[in-house]
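Here is the file structure_16.pdb (PDB, C-alpha atoms).
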```pdb
ATOM      1  CA  MET A 729     -40.011  -8.831   9.383  1.00  0.00           C
ATOM      2  CA  THR A 730     -37.066  -8.131  11.632  1.00  0.00           C
ATOM      3  CA  ALA A 731     -34.279  -5.972  10.201  1.00  0.00           C
ATOM      4  CA  ILE A 732     -31.008  -6.278  12.080  1.00  0.00           C
ATOM      5  CA  SER A 733     -28.274  -3.813  11.280  1.00  0.00           C
ATOM      6  CA  GLY A 734     -24.699  -4.982  11.645  1.00  0.00           C
ATOM      7  CA  GLY A 735     -22.666  -2.449  13.584  1.00  0.00           C
ATOM      8  CA  HIS A 736     -19.033  -1.491  13.587  1.00  0.00           C
ATOM      9  CA  ARG A 737     -18.079  -4.286  15.982  1.00  0.00           C
ATOM     10  CA  SER A 738     -19.035  -7.908  16.487  1.00  0.00           C
ATOM     11  CA  ARG A 739     -22.162  -8.370  18.547  1.00  0.00           C
ATOM     12  CA  THR A 740     -25.148 -10.571  19.183  1.00  0.00           C
ATOM     13  CA  SER A 741     -28.681  -9.246  18.877  1.00  0.00           C
ATOM     14  CA  ARG A 742     -31.924 -11.031  19.701  1.00  0.00           C
ATOM     15  CA  ARG A 743     -35.015  -9.983  17.733  1.00  0.00           C
ATOM     16  CA  ARG A 744     -33.913  -6.389  17.626  1.00  0.00           C
ATOM     17  CA  LEU A 745     -36.688  -4.550  15.834  1.00  0.00           C
ATOM     18  CA  VAL A 746     -35.752  -1.685  13.541  1.00  0.00           C
ATOM     19  CA  PRO A 747     -38.503   0.831  12.710  1.00  0.00           C
ATOM     20  CA  ALA A 748     -39.656   0.787   9.097  1.00  0.00           C
ATOM     21  CA  PRO A 749     -38.268   4.256   8.224  1.00  0.00           C
ATOM     22  CA  VAL A 750     -34.788   3.109   9.270  1.00  0.00           C
ATOM     23  CA  ALA A 751     -35.020   0.016   7.071  1.00  0.00           C
ATOM     24  CA  VAL A 752     -36.126   2.152   4.100  1.00  0.00           C
ATOM     25  CA  LEU A 753     -33.221   4.552   4.593  1.00  0.00           C
ATOM     26  CA  ALA A 754     -30.782   1.659   4.809  1.00  0.00           C
ATOM     27  CA  ALA A 755     -32.049   0.270   1.522  1.00  0.00           C
ATOM     28  CA  GLY A 756     -31.722   3.614  -0.220  1.00  0.00           C
ATOM     29  CA  ALA A 757     -28.326   4.573   1.150  1.00  0.00           C
ATOM     30  CA  VAL A 758     -26.352   3.118  -1.741  1.00  0.00           C
ATOM     31  CA  VAL A 759     -28.353   5.045  -4.313  1.00  0.00           C
ATOM     32  CA  ALA A 760     -28.036   8.287  -2.409  1.00  0.00           C
ATOM     33  CA  CYS A 761     -24.259   8.131  -2.134  1.00  0.00           C
ATOM     34  CA  GLY A 762     -23.677   8.028  -5.875  1.00  0.00           C
ATOM     35  CA  GLY A 763     -20.766   6.308  -7.568  1.00  0.00           C
ATOM     36  CA  ARG A 764     -20.287   4.258 -10.723  1.00  0.00           C
ATOM     37  CA  ALA A 765     -23.345   3.665 -12.889  1.00  0.00           C
ATOM     38  CA  GLY A 766     -24.474   0.035 -12.907  1.00  0.00           C
ATOM     39  CA  SER A 767     -25.974  -2.163 -15.592  1.00  0.00           C
ATOM     40  CA  ALA A 768     -29.678  -2.675 -16.178  1.00  0.00           C
ATOM     41  CA  PRO A 769     -31.420  -5.100 -13.773  1.00  0.00           C
ATOM     42  CA  ARG A 770     -31.618  -8.729 -14.847  1.00  0.00           C
ATOM     43  CA  VAL A 771     -35.123 -10.134 -15.228  1.00  0.00           C
ATOM     44  CA  ALA A 772     -34.124 -13.800 -14.959  1.00  0.00           C
ATOM     45  CA  PRO A 773     -31.335 -15.339 -12.875  1.00  0.00           C
ATOM     46  CA  THR A 774     -28.044 -16.124 -14.553  1.00  0.00           C
ATOM     47  CA  ALA A 775     -27.418 -19.813 -15.151  1.00  0.00           C
ATOM     48  CA  ALA A 776     -25.278 -21.626 -12.592  1.00  0.00           C
ATOM     49  CA  ARG A 777     -21.897 -22.900 -13.743  1.00  0.00           C
ATOM     50  CA  VAL A 778     -18.760 -24.336 -12.187  1.00  0.00           C
ATOM     51  CA  VAL A 779     -15.375 -22.817 -13.012  1.00  0.00           C
ATOM     52  CA  PRO A 780     -11.822 -23.210 -11.687  1.00  0.00           C
ATOM     53  CA  ALA A 781     -11.434 -20.921  -8.689  1.00  0.00           C
ATOM     54  CA  ALA A 782      -8.240 -19.513 -10.195  1.00  0.00           C
ATOM     55  CA  ALA A 783     -10.194 -18.341 -13.252  1.00  0.00           C
ATOM     56  CA  ALA A 784     -12.679 -16.275 -11.227  1.00  0.00           C
ATOM     57  CA  ILE A 785     -11.952 -12.577 -10.796  1.00  0.00           C
ATOM     58  CA  VAL A 786     -13.333 -11.353  -7.466  1.00  0.00           C
ATOM     59  CA  LEU A 787     -14.656  -7.800  -7.189  1.00  0.00           C
ATOM     60  CA  GLU A 788     -12.527  -5.681  -4.878  1.00  0.00           C
ATOM     61  CA  THR A 789     -13.683  -2.893  -2.574  1.00  0.00           C
ATOM     62  CA  ALA A 790     -11.998   0.409  -1.826  1.00  0.00           C
ATOM     63  CA  GLY A 791     -14.140   1.135   1.226  1.00  0.00           C
ATOM     64  CA  PRO A 792     -13.589   0.688   4.962  1.00  0.00           C
ATOM     65  CA  PRO A 793     -14.290  -2.967   5.795  1.00  0.00           C
ATOM     66  CA  PRO A 794     -17.427  -4.036   7.668  1.00  0.00           C
ATOM     67  CA  SER A 795     -16.981  -5.687  11.041  1.00  0.00           C
ATOM     68  CA  ASP A 796     -17.586  -9.326  11.892  1.00  0.00           C
ATOM     69  CA  THR A 797     -21.158  -9.764  13.064  1.00  0.00           C
ATOM     70  CA  SER A 798     -22.965 -12.419  15.111  1.00  0.00           C
ATOM     71  CA  VAL A 799     -26.762 -12.280  15.317  1.00  0.00           C
ATOM     72  CA  THR A 800     -29.177 -14.543  17.211  1.00  0.00           C
ATOM     73  CA  PHE A 801     -32.868 -14.635  16.330  1.00  0.00           C
ATOM     74  CA  THR A 802     -35.915 -16.918  16.300  1.00  0.00           C
ATOM     75  CA  THR A 803     -36.813 -18.978  13.238  1.00  0.00           C
ATOM     76  CA  GLY A 804     -40.279 -18.747  11.706  1.00  0.00           C
ATOM     77  CA  ALA A 805     -40.200 -15.067  10.683  1.00  0.00           C
ATOM     78  CA  THR A 806     -38.271 -13.074   8.099  1.00  0.00           C
ATOM     79  CA  HIS A 807     -35.013 -11.557   9.342  1.00  0.00           C
ATOM     80  CA  VAL A 808     -32.638  -9.267   7.438  1.00  0.00           C
ATOM     81  CA  ILE A 809     -29.076  -8.635   8.596  1.00  0.00           C
ATOM     82  CA  VAL A 810     -27.532  -5.437   7.217  1.00  0.00           C
ATOM     83  CA  LEU A 811     -23.743  -5.067   7.059  1.00  0.00           C
ATOM     84  CA  ARG A 812     -22.226  -1.621   6.538  1.00  0.00           C
ATOM     85  CA  HIS A 813     -18.821  -0.332   5.557  1.00  0.00           C
ATOM     86  CA  GLY A 814     -17.008   1.489   8.338  1.00  0.00           C
ATOM     87  CA  PRO A 815     -17.184   5.226   9.006  1.00  0.00           C
ATOM     88  CA  PRO A 816     -17.365   7.940   7.906  1.00  0.00           C
ATOM     89  CA  GLU A 817     -20.053   7.029   5.345  1.00  0.00           C
ATOM     90  CA  ASN A 818     -21.330   3.706   6.749  1.00  0.00           C
ATOM     91  CA  VAL A 819     -22.591   2.647   3.322  1.00  0.00           C
ATOM     92  CA  VAL A 820     -24.432  -0.687   3.069  1.00  0.00           C
ATOM     93  CA  PHE A 821     -22.059  -3.467   2.047  1.00  0.00           C
ATOM     94  CA  ALA A 822     -24.441  -6.434   2.005  1.00  0.00           C
ATOM     95  CA  GLU A 823     -27.784  -7.655   3.291  1.00  0.00           C
ATOM     96  CA  LEU A 824     -28.561 -11.243   4.233  1.00  0.00           C
ATOM     97  CA  SER A 825     -32.228 -12.201   4.159  1.00  0.00           C
ATOM     98  CA  PHE A 826     -33.636 -15.211   5.991  1.00  0.00           C
ATOM     99  CA  PRO A 827     -37.313 -16.007   5.265  1.00  0.00           C
ATOM    100  CA  PRO A 828     -39.425 -18.032   7.726  1.00  0.00           C
ATOM    101  CA  ARG A 829     -38.297 -21.396   6.295  1.00  0.00           C
ATOM    102  CA  ALA A 830     -34.632 -20.563   5.705  1.00  0.00           C
ATOM    103  CA  PHE A 831     -33.586 -23.172   8.298  1.00  0.00           C
ATOM    104  CA  ARG A 832     -34.540 -26.806   8.813  1.00  0.00           C
ATOM    105  CA  ALA A 833     -35.278 -26.173  12.471  1.00  0.00           C
ATOM    106  CA  ASP A 834     -38.895 -25.940  13.591  1.00  0.00           C
ATOM    107  CA  SER A 835     -40.403 -22.491  13.869  1.00  0.00           C
ATOM    108  CA  GLY A 836     -39.581 -20.833  17.168  1.00  0.00           C
ATOM    109  CA  ARG A 837     -36.091 -22.305  17.538  1.00  0.00           C
ATOM    110  CA  MET A 838     -33.145 -19.999  18.146  1.00  0.00           C
ATOM    111  CA  VAL A 839     -30.457 -19.688  15.496  1.00  0.00           C
ATOM    112  CA  THR A 840     -27.165 -17.792  15.558  1.00  0.00           C
ATOM    113  CA  VAL A 841     -25.747 -16.545  12.267  1.00  0.00           C
ATOM    114  CA  GLU A 842     -22.109 -15.464  12.135  1.00  0.00           C
ATOM    115  CA  ILE A 843     -20.809 -13.340   9.257  1.00  0.00           C
ATOM    116  CA  ARG A 844     -17.180 -12.474   8.579  1.00  0.00           C
ATOM    117  CA  PRO A 845     -16.518 -10.089   5.669  1.00  0.00           C
ATOM    118  CA  ARG A 846     -13.476 -10.989   3.579  1.00  0.00           C
ATOM    119  CA  PRO A 847     -10.759  -8.299   3.583  1.00  0.00           C
ATOM    120  CA  GLY A 848     -10.505  -6.154   0.472  1.00  0.00           C
ATOM    121  CA  VAL A 849     -13.235  -7.854  -1.570  1.00  0.00           C
ATOM    122  CA  TYR A 850     -16.993  -8.162  -1.811  1.00  0.00           C
ATOM    123  CA  GLY A 851     -17.209 -11.462   0.014  1.00  0.00           C
ATOM    124  CA  LEU A 852     -18.507 -13.061   3.209  1.00  0.00           C
ATOM    125  CA  ASP A 853     -17.946 -16.178   5.268  1.00  0.00           C
ATOM    126  CA  VAL A 854     -21.303 -17.342   6.674  1.00  0.00           C
ATOM    127  CA  THR A 855     -22.015 -19.937   9.369  1.00  0.00           C
ATOM    128  CA  ALA A 856     -25.185 -20.787  11.292  1.00  0.00           C
ATOM    129  CA  SER A 857     -26.042 -22.878  14.338  1.00  0.00           C
ATOM    130  CA  GLN A 858     -28.977 -24.503  12.499  1.00  0.00           C
ATOM    131  CA  PRO A 859     -28.832 -26.292   9.103  1.00  0.00           C
ATOM    132  CA  PHE A 860     -29.930 -24.224   6.113  1.00  0.00           C
ATOM    133  CA  ALA A 861     -33.071 -25.179   4.207  1.00  0.00           C
ATOM    134  CA  ASP A 862     -34.052 -22.913   1.302  1.00  0.00           C
ATOM    135  CA  GLY A 863     -34.804 -19.282   0.565  1.00  0.00           C
ATOM    136  CA  ALA A 864     -31.943 -17.431   2.261  1.00  0.00           C
ATOM    137  CA  SER A 865     -30.109 -14.917   0.082  1.00  0.00           C
ATOM    138  CA  VAL A 866     -27.330 -12.343   0.101  1.00  0.00           C
ATOM    139  CA  THR A 867     -27.485  -8.977  -1.642  1.00  0.00           C
ATOM    140  CA  PHE A 868     -24.144  -7.298  -2.275  1.00  0.00           C
ATOM    141  CA  LYS A 869     -24.283  -3.521  -2.840  1.00  0.00           C
ATOM    142  CA  TYR A 870     -21.260  -2.068  -4.562  1.00  0.00           C
ATOM    143  CA  ALA A 871     -22.284   1.313  -6.008  1.00  0.00           C
ATOM    144  CA  ARG A 872     -19.936   3.365  -3.833  1.00  0.00           C
ATOM    145  CA  TYR A 873     -16.798   1.251  -3.523  1.00  0.00           C
ATOM    146  CA  PHE A 874     -16.719  -0.814  -6.732  1.00  0.00           C
ATOM    147  CA  LEU A 875     -13.071  -1.554  -7.594  1.00  0.00           C
ATOM    148  CA  ALA A 876     -12.338  -3.662 -10.668  1.00  0.00           C
ATOM    149  CA  PRO A 877      -8.956  -5.430 -10.535  1.00  0.00           C
ATOM    150  CA  ALA A 878      -6.542  -4.719 -13.394  1.00  0.00           C
ATOM    151  CA  ARG A 879      -6.899  -8.377 -14.343  1.00  0.00           C
ATOM    152  CA  ALA A 880     -10.617  -7.837 -14.912  1.00  0.00           C
ATOM    153  CA  ARG A 881     -10.021  -5.017 -17.372  1.00  0.00           C
ATOM    154  CA  ALA A 882      -7.592  -7.182 -19.292  1.00  0.00           C
ATOM    155  CA  ALA A 883     -10.024 -10.126 -19.373  1.00  0.00           C
ATOM    156  CA  PHE A 884     -13.263  -8.259 -20.145  1.00  0.00           C
ATOM    157  CA  GLY A 885     -12.063  -5.112 -21.892  1.00  0.00           C
ATOM    158  CA  SER A 886     -13.661  -2.557 -19.553  1.00  0.00           C
ATOM    159  CA  ASP A 887     -15.060  -2.079 -16.067  1.00  0.00           C
ATOM    160  CA  ALA A 888     -18.599  -1.979 -17.477  1.00  0.00           C
ATOM    161  CA  LEU A 889     -18.276  -5.341 -19.244  1.00  0.00           C
ATOM    162  CA  TYR A 890     -16.736  -6.881 -16.150  1.00  0.00           C
ATOM    163  CA  GLU A 891     -19.564  -5.529 -14.004  1.00  0.00           C
ATOM    164  CA  ARG A 892     -22.186  -7.039 -16.309  1.00  0.00           C
ATOM    165  CA  ALA A 893     -20.560 -10.462 -15.963  1.00  0.00           C
ATOM    166  CA  LEU A 894     -20.546 -10.421 -12.153  1.00  0.00           C
ATOM    167  CA  THR A 895     -22.437 -13.060 -10.218  1.00  0.00           C
ATOM    168  CA  VAL A 896     -22.421 -14.474  -6.690  1.00  0.00           C
ATOM    169  CA  GLY A 897     -19.879 -17.267  -6.381  1.00  0.00           C
ATOM    170  CA  HIS A 898     -19.615 -20.065  -3.811  1.00  0.00           C
ATOM    171  CA  PRO A 899     -16.368 -22.089  -3.545  1.00  0.00           C
ATOM    172  CA  ILE A 900     -16.909 -25.842  -3.533  1.00  0.00           C
ATOM    173  CA  PRO A 901     -15.482 -27.256  -0.275  1.00  0.00           C
ATOM    174  CA  GLY A 902     -12.442 -29.461  -0.641  1.00  0.00           C
ATOM    175  CA  GLY A 903     -11.560 -28.542  -4.204  1.00  0.00           C
ATOM    176  CA  PRO A 904     -10.230 -25.745  -6.431  1.00  0.00           C
ATOM    177  CA  LEU A 905     -13.630 -25.045  -7.975  1.00  0.00           C
ATOM    178  CA  LEU A 906     -16.120 -22.196  -7.689  1.00  0.00           C
ATOM    179  CA  THR A 907     -19.853 -22.377  -8.390  1.00  0.00           C
ATOM    180  CA  LEU A 908     -21.197 -19.228 -10.007  1.00  0.00           C
ATOM    181  CA  LEU A 909     -24.706 -19.243  -8.556  1.00  0.00           C
ATOM    182  CA  PRO A 910     -27.944 -18.123 -10.247  1.00  0.00           C
ATOM    183  CA  SER A 911     -27.928 -14.394  -9.521  1.00  0.00           C
ATOM    184  CA  THR A 912     -30.263 -11.483 -10.153  1.00  0.00           C
ATOM    185  CA  ARG A 913     -30.117  -7.691 -10.062  1.00  0.00           C
ATOM    186  CA  PRO A 914     -33.097  -6.074  -8.322  1.00  0.00           C
ATOM    187  CA  ALA A 915     -31.465  -2.685  -8.941  1.00  0.00           C
ATOM    188  CA  ALA A 916     -28.325  -1.234 -10.456  1.00  0.00           C
ATOM    189  CA  ASP A 917     -25.193  -2.112  -8.466  1.00  0.00           C
ATOM    190  CA  ASN A 918     -27.128  -4.704  -6.418  1.00  0.00           C
ATOM    191  CA  LEU A 919     -26.382  -8.393  -6.915  1.00  0.00           C
ATOM    192  CA  VAL A 920     -28.439 -11.142  -5.242  1.00  0.00           C
ATOM    193  CA  GLY A 921     -27.532 -14.798  -4.890  1.00  0.00           C
ATOM    194  CA  PRO A 922     -28.881 -17.751  -2.881  1.00  0.00           C
ATOM    195  CA  VAL A 923     -27.356 -18.854   0.429  1.00  0.00           C
ATOM    196  CA  ARG A 924     -27.993 -22.590   0.695  1.00  0.00           C
ATOM    197  CA  SER A 925     -25.215 -23.731   2.997  1.00  0.00           C
ATOM    198  CA  PRO A 926     -22.472 -22.399   5.250  1.00  0.00           C
ATOM    199  CA  GLY A 927     -19.349 -21.176   3.506  1.00  0.00           C
ATOM    200  CA  THR A 928     -17.960 -18.317   1.469  1.00  0.00           C
ATOM    201  CA  TYR A 929     -19.957 -16.099  -0.887  1.00  0.00           C
ATOM    202  CA  LEU A 930     -18.150 -13.762  -3.280  1.00  0.00           C
ATOM    203  CA  VAL A 931     -18.951 -11.322  -6.074  1.00  0.00           C
ATOM    204  CA  ALA A 932     -16.963 -12.639  -9.035  1.00  0.00           C
ATOM    205  CA  ALA A 933     -16.878 -13.166 -12.787  1.00  0.00           C
ATOM    206  CA  ALA A 934     -15.111 -15.650 -15.018  1.00  0.00           C
ATOM    207  CA  PRO A 935     -14.394 -15.090 -18.740  1.00  0.00           C
TER
END
```

Take the structure I supplied and represent it as structure tokens, if you would.
Amino acid sequence: MTAISGGHRSRTSRRRLVPAPVAVLAAGAVVACGGRAGSAPRVAPTAARVVPAAAAIVLETAGPPPSDTSVTFTTGATHVIVLRHGPPENVVFAELSFPPRAFRADSGRMVTVEIRPRPGVYGLDVTASQPFADGASVTFKYARYFLAPARARAAFGSDALYERALTVGHPIPGGPLLTLLPSTRPAADNLVGPVRSPGTYLVAAAP
């Protein structure tokens, strides 16, 4: 597996190998930095549903924004791109995982993935130079900079209830609709959803 860590500026990296201890530290950074307690992990994915985009309440972030990142690698092996908030803490914001068959291209082809974090929210715009196949995913990590909008408290009654309703959302191109994707929680304050096509991926909930 290749773990590629997104830096504090846009860049392109080709098969940059990160030693295993670094990858382990990156995965544990959110837990170590403390913050709001999350809900219990989900065993099964949430059911997908389509809602009006205006009804979805997107999770905001109080942290320094990650930088745009462009990464080039070879298909046929697992690659993980790690995006971090800016200094001083450099906490993990999101991880995108691409298994060997994440793209339709034959193994050994080069692919460039471009990621642009959305300002002020837990969201990403993702594009790739090869068509997506299946298996890619995004993990948002919000333990440190979770910020529930006032609208969320009014709709759900509390930050905790809003947090439990969160899922990964994907706007439907060309219309005012949002698909709330099947999402899981491998750990508290970690939310995982599938990445099946280019576009925007957001952490959101709808009453």

query = How far is it from CA of Met838 (chain A) to CA of Pro926 (chain A), in Å with one decimal?
reply =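 Pair CA of Met838 (chain A) / CA of Pro926 (chain A) returns 16.9 Å.
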
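Nearest to Ala783 (chain A) of all the residues A:Gly921, A:Gly836, A:Pro904, A:Gly927 is A:Pro904, counting all atoms listed in the file.
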
Using the chain letters and numbers from the file, which residues does the PyMOL selection byres ((chain A and resi 840-851) around 8) grab, as a PDB file with C-alpha atoms, in the coordinates of the input?
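Writing done, so here's expr33.pdb:
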```
ATOM      1  CA  VAL A 786     -13.333 -11.353  -7.466  1.00  0.00           C
ATOM      2  CA  LEU A 787     -14.656  -7.800  -7.189  1.00  0.00           C
ATOM      3  CA  GLU A 788     -12.527  -5.681  -4.878  1.00  0.00           C
ATOM      4  CA  THR A 789     -13.683  -2.893  -2.574  1.00  0.00           C
ATOM      5  CA  ALA A 790     -11.998   0.409  -1.826  1.00  0.00           C
ATOM      6  CA  PRO A 793     -14.290  -2.967   5.795  1.00  0.00           C
ATOM      7  CA  PRO A 794     -17.427  -4.036   7.668  1.00  0.00           C
ATOM      8  CA  SER A 795     -16.981  -5.687  11.041  1.00  0.00           C
ATOM      9  CA  ASP A 796     -17.586  -9.326  11.892  1.00  0.00           C
ATOM     10  CA  THR A 797     -21.158  -9.764  13.064  1.00  0.00           C
ATOM     11  CA  SER A 798     -22.965 -12.419  15.111  1.00  0.00           C
ATOM     12  CA  VAL A 799     -26.762 -12.280  15.317  1.00  0.00           C
ATOM     13  CA  THR A 800     -29.177 -14.543  17.211  1.00  0.00           C
ATOM     14  CA  PHE A 801     -32.868 -14.635  16.330  1.00  0.00           C
ATOM     15  CA  PHE A 821     -22.059  -3.467   2.047  1.00  0.00           C
ATOM     16  CA  MET A 838     -33.145 -19.999  18.146  1.00  0.00           C
ATOM     17  CA  VAL A 839     -30.457 -19.688  15.496  1.00  0.00           C
ATOM     18  CA  LEU A 852     -18.507 -13.061   3.209  1.00  0.00           C
ATOM     19  CA  ASP A 853     -17.946 -16.178   5.268  1.00  0.00           C
ATOM     20  CA  VAL A 854     -21.303 -17.342   6.674  1.00  0.00           C
ATOM     21  CA  THR A 855     -22.015 -19.937   9.369  1.00  0.00           C
ATOM     22  CA  ALA A 856     -25.185 -20.787  11.292  1.00  0.00           C
ATOM     23  CA  SER A 857     -26.042 -22.878  14.338  1.00  0.00           C
ATOM     24  CA  GLN A 858     -28.977 -24.503  12.499  1.00  0.00           C
ATOM     25  CA  PHE A 868     -24.144  -7.298  -2.275  1.00  0.00           C
ATOM     26  CA  TYR A 870     -21.260  -2.068  -4.562  1.00  0.00           C
ATOM     27  CA  THR A 928     -17.960 -18.317   1.469  1.00  0.00           C
ATOM     28  CA  TYR A 929     -19.957 -16.099  -0.887  1.00  0.00           C
ATOM     29  CA  LEU A 930     -18.150 -13.762  -3.280  1.00  0.00           C
ATOM     30  CA  VAL A 931     -18.951 -11.322  -6.074  1.00  0.00           C
TER      31      VAL A 931
END
```

task = Identify, on the basis of all atoms listed in the file, every residue whose closest approach to Thr774 (chain A) does not exceed 9 Å; exclude the query and any residue fewer than 5 positions from it along the same chain; express the result as a list in words.
result =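 Once the nearby chain positions are removed, what remains is Thr895, Leu908, Leu909, Pro910, Ser911 and Thr912 of chain A.
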
Just the selected residues (C-alpha atoms), exported as an mmCIF file, keeping the file's coordinate frame, please.
```cif
data_model
loop_
_atom_site.group_PDB
_atom_site.id
_atom_site.type_symbol
_atom_site.label_atom_id
_atom_site.label_comp_id
_atom_site.auth_asym_id
_atom_site.auth_seq_id
_atom_site.Cartn_x
_atom_site.Cartn_y
_atom_site.Cartn_z
ATOM 1 C CA THR A 895 -22.437 -13.060 -10.218
ATOM 2 C CA LEU A 908 -21.197 -19.228 -10.007
ATOM 3 C CA LEU A 909 -24.706 -19.243 -8.556
ATOM 4 C CA PRO A 910 -27.944 -18.123 -10.247
ATOM 5 C CA SER A 911 -27.928 -14.394 -9.521
ATOM 6 C CA THR A 912 -30.263 -11.483 -10.153
#
```

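The spacing separating CA of Leu906 (chain A) from CA of Leu894 (chain A) amounts to 13.3 Å.
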
task = Tell me, as number ranges by chain, which residues lie within 9 Å of Ser865 (chain A), counting all atoms listed in the file; anything in the same chain fewer than 4 positions away does not count.
result = A: 823-827, 920-924

query = Do you have the CA of Ala893 (chain A)-CA of Asn818 (chain A) distance handy?
reply =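 Atom-to-atom, CA of Ala893 (chain A) and CA of Asn818 (chain A) are spaced 26.8 Å apart.
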
ask   = Smallest atom-to-atom distance to Gly804 (chain A): which of A:Ala776, A:Ala876, A:Met729, A:Ile785, using all atoms listed in the file?
value = A:Met729

Using the file's own x, y and z axes, so that the box edges lie along x, y and z, what centre and edge lengths in Å (one decimal) does a box around every listed atom of region 901-918 of chain A get when 6 Å is added on each side? Give it as JSON.
```
{"center_x": -21.7, "center_y": -15.3, "center_z": -5.4, "size_x": 34.9, "size_y": 40.2, "size_z": 22.2}
```

ask   = Nearest to Phe884 (chain A) among A:Val896, A:Ala782, A:Ile809, A:Ala933, with distances taken over all atoms listed in the file: which residue is it?
value = A:Ala933

ask   = Between A:Gly814, A:Gly903, A:Pro792, A:Pro935, which one has atoms that come closest to Ala883 (chain A), using only C-alpha atoms?
value = A:Pro935
